[in-house]
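Below: one structure, written as structure tokens.
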Amino acid sequence: MAGPRRGFPAEIRDAVTPRAALLVLAVLLLQLGFIASYVGALHDPSPHRLSIAVVAPARAAPQFVAALDAVPGEAVRSSTAPDRATAVQRIRDQEIYAAWLVDPAGTKDTLLVAAARGPAAATAAEQIVGGLDSRQRRTLAVEDVVPLAEGDAEGLSSFYLVVGWCVGGYLVASILGISAGSRPANTHRALIRLATLVVYSVAAGLGGAVIIGPVLNALPGSGWALWGLGSLVVFAVGAFTMALECLFDVVGIGLAVLVFVVLGNPSAGGVFPPPLMPPFWRAIGAWIPNGAGTDAARSIAYLGGSRLTQPFLVLAAWAVVGVGVTLLAVARRPGAAPGPAGAGAAPGTVASG
């Protein structure tokens with residue numbers, strides 16, 4: 001005999017639990033954050049303290065430096081260089097984005113740029129210096145001293161390579177968590193997961209370096225160095241995602257997406273370098289694995305490995321924090337002493353793997 005009919009509100013309460021409703025709300029906020037972050041970072045690029053050096057005779061240099069400093073909105077961070085060779089070296093050492101070579105005997109100047117550091121930065125420098133020259137009835141020729149590789153036409157290969165590594169890092173950590181429980185049952189299981197992540201990271205780093213180099217010829221530079229960078233990027237992102245899962249269960253996956261997708265990708269300097277981004281994204285980009293990895297990949301590919309210390313330290317810090325938090329969270333969990341799976345678990349419960 002059929003039971004009493006249940007009302008529609010009761011069916012809704014059964015179908016959508018409070019926990020599910022909160023998760024759906026969290027997804028909505030994450031989605032809106034994604035839109036706000038990407039559009040906010042990329043919709044209106046404008047230069048801020050774009051570093052340009054002036055190469056001119058001592059008596060003339062102050063005039064051109066003053067012209068750069070007078071550009072509205074603190075668009076330029078000006079300096080001087082004694083000669084062309086020094087200016088080129090400073091560009092390759094990532095100390096400046098461009099150099100304005102003033103012709104003391106005529107009116108035809110030269111702007112040295114590095115498209116490999118971001119075509120948008122080179123274009124912005126050309127617009128600024130070109131505008132100043134035109135007001136003084138001077139002409140400007142542009143010379144690219146660190147050009148992009150033929151297979152890297154828009155200069156985005158480094159960025160997409162690192163994005164792929166980051167995606168692999170948080171996805172593999174998420175899969176390990178979903179398949180065997182967000183929190184490992186004990187320290188041994190946590191170490192096994194981390195070891196699995198190490199193996200995956202090495203394979204992913206190698207695969208990315210091979211695809212971007214010998215297969216597609218998209219990036220020059222040392223394949224060995226890119227392999228090492230990729231392995232560290234994947235492990236850092238994966239270990240930190242694992243730590244978030246240990247602390248916040250399945251919500252940790254959403255937090256990983258927030259950090260590495262919503263915040264990390266638009267601030268990484270892939271489409272626009274830091275001087276062309278708004279203050280918030282400009283400030284955080286180099287301290288998130290996406291940005292640190294992109295900076296390092298560009299340096300390896302185009303800039304002779306200059307300024308690699310900071311990005312590698314940033315990546316190492318994320319990896320160390322991820323490993324440390326994961327092991328600490330497992331060690332502090334009741335019944336999580338090292339031993340066989342399930343050892344120390346309460347009767348009638350199943351420990352996660």
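By order of appearance in the structure tokens: chains A, B, ..., then residues from 1 within every chain, and ligands from 1 in the order shown.
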
- Message: If we count only C-alpha atoms and set the cut-off at 6 Å, which residues sit around Leu276 in chain A, ignoring sequence neighbours fewer than 2 positions away in its own chain? Please answer as an MDAnalysis selection string.
- Response: chainID A and resid 45:47 272:274

Suppose we keep N, CA, C and O atoms; can you now write the selection as an mmCIF file, in the first residue's frame?
```
data_model
loop_
_atom_site.group_PDB
_atom_site.id
_atom_site.type_symbol
_atom_site.label_atom_id
_atom_site.label_comp_id
_atom_site.auth_asym_id
_atom_site.auth_seq_id
_atom_site.Cartn_x
_atom_site.Cartn_y
_atom_site.Cartn_z
ATOM 1 N N PRO A 45 44.727 47.112 -20.155
ATOM 2 C CA PRO A 45 46.159 47.200 -19.837
ATOM 3 C C PRO A 45 46.681 48.620 -19.998
ATOM 4 O O PRO A 45 46.416 49.286 -21.002
ATOM 5 N N SER A 46 47.397 49.088 -19.002
ATOM 6 C CA SER A 46 48.021 50.406 -19.082
ATOM 7 C C SER A 46 49.344 50.341 -18.334
ATOM 8 O O SER A 46 49.433 49.728 -17.269
ATOM 9 N N PRO A 47 50.395 50.952 -18.875
ATOM 10 C CA PRO A 47 51.721 50.818 -18.264
ATOM 11 C C PRO A 47 51.814 51.527 -16.920
ATOM 12 O O PRO A 47 51.238 52.592 -16.714
ATOM 13 N N PHE A 272 49.796 39.847 -20.506
ATOM 14 C CA PHE A 272 50.421 41.143 -20.271
ATOM 15 C C PHE A 272 51.444 41.005 -19.156
ATOM 16 O O PHE A 272 51.153 40.414 -18.118
ATOM 17 N N PRO A 273 52.641 41.567 -19.325
ATOM 18 C CA PRO A 273 53.637 41.516 -18.253
ATOM 19 C C PRO A 273 53.202 42.394 -17.082
ATOM 20 O O PRO A 273 52.316 43.244 -17.219
ATOM 21 N N PRO A 274 53.818 42.219 -15.918
ATOM 22 C CA PRO A 274 53.383 42.939 -14.708
ATOM 23 C C PRO A 274 53.202 44.445 -14.854
ATOM 24 O O PRO A 274 52.224 44.989 -14.342
#
```

- Message: So that I can see what lies close to Val251 in chain A, please list as a PyMOL selection string the residues with an atom at most 10 Å from it, counting only C-alpha atoms and leaving out residues fewer than 4 positions away in the same chain.
- Response: chain A and resi 23+26+182+244-247+255-256

Kindly export the residues of the current selection with C-alpha atoms, as a CSV table (one decimal), in the first residue's frame.
```
chain,number,residue,atom,x,y,z
A,23,LEU,CA,28.8,23.8,-2.1
A,26,ALA,CA,30.7,28.2,-3.3
A,182,SER,CA,40.9,13.6,1.0
A,244,LEU,CA,44.4,22.0,1.2
A,245,GLU,CA,42.5,18.7,0.9
A,246,CYS,CA,43.9,17.5,4.2
A,247,LEU,CA,42.8,20.7,5.9
A,255,LEU,CA,40.4,26.5,-2.9
A,256,ALA,CA,43.1,25.1,-5.1
```

- Item | Residues flagged strand (DSSP E) by DSSP in range 115-221 of chain A, as number ranges by chain | A: 139-144

Prev. selection, N, CA, C and O atoms, output as a CSV table (one decimal), in the first residue's frame:
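Listed below is the output, selection-v9.csv:
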```csv
chain,number,residue,atom,x,y,z
A,139,THR,N,62.3,61.1,-35.2
A,139,THR,CA,61.8,59.8,-35.7
A,139,THR,C,62.4,58.6,-34.8
A,139,THR,O,63.4,58.8,-34.1
A,140,LEU,N,61.7,57.5,-34.9
A,140,LEU,CA,62.1,56.4,-34.0
A,140,LEU,C,62.1,55.1,-34.8
A,140,LEU,O,61.1,54.8,-35.4
A,141,ALA,N,63.2,54.4,-34.7
A,141,ALA,CA,63.3,53.0,-35.2
A,141,ALA,C,63.3,52.0,-34.1
A,141,ALA,O,63.9,52.3,-33.0
A,142,VAL,N,62.6,50.9,-34.2
A,142,VAL,CA,62.5,49.9,-33.1
A,142,VAL,C,63.3,48.7,-33.5
A,142,VAL,O,63.3,48.2,-34.6
A,143,GLU,N,64.2,48.3,-32.5
A,143,GLU,CA,65.0,47.1,-32.7
A,143,GLU,C,64.7,46.1,-31.6
A,143,GLU,O,64.9,46.4,-30.4
A,144,ASP,N,64.4,44.9,-32.0
A,144,ASP,CA,64.1,43.8,-31.0
A,144,ASP,C,65.4,43.1,-30.7
A,144,ASP,O,65.9,42.3,-31.6
```

- Message: Need the shell around range 310-323 of chain A: protein/DNA/RNA residues with any atom at most 8 Å away, counting only C-alpha atoms. Skip same-chain ones fewer than 4 positions apart. Format as a list in words?
- Response: Leu194, Leu229, Leu232, Val233, Phe235, Ala236, Val237, Gly238, Ala239, Phe240, Thr241, Met242, Ala243, Ala286, Trp287, Ile288, Pro289, Ala292, Gly293, Asp295, Ala296 and Leu327 of chain A
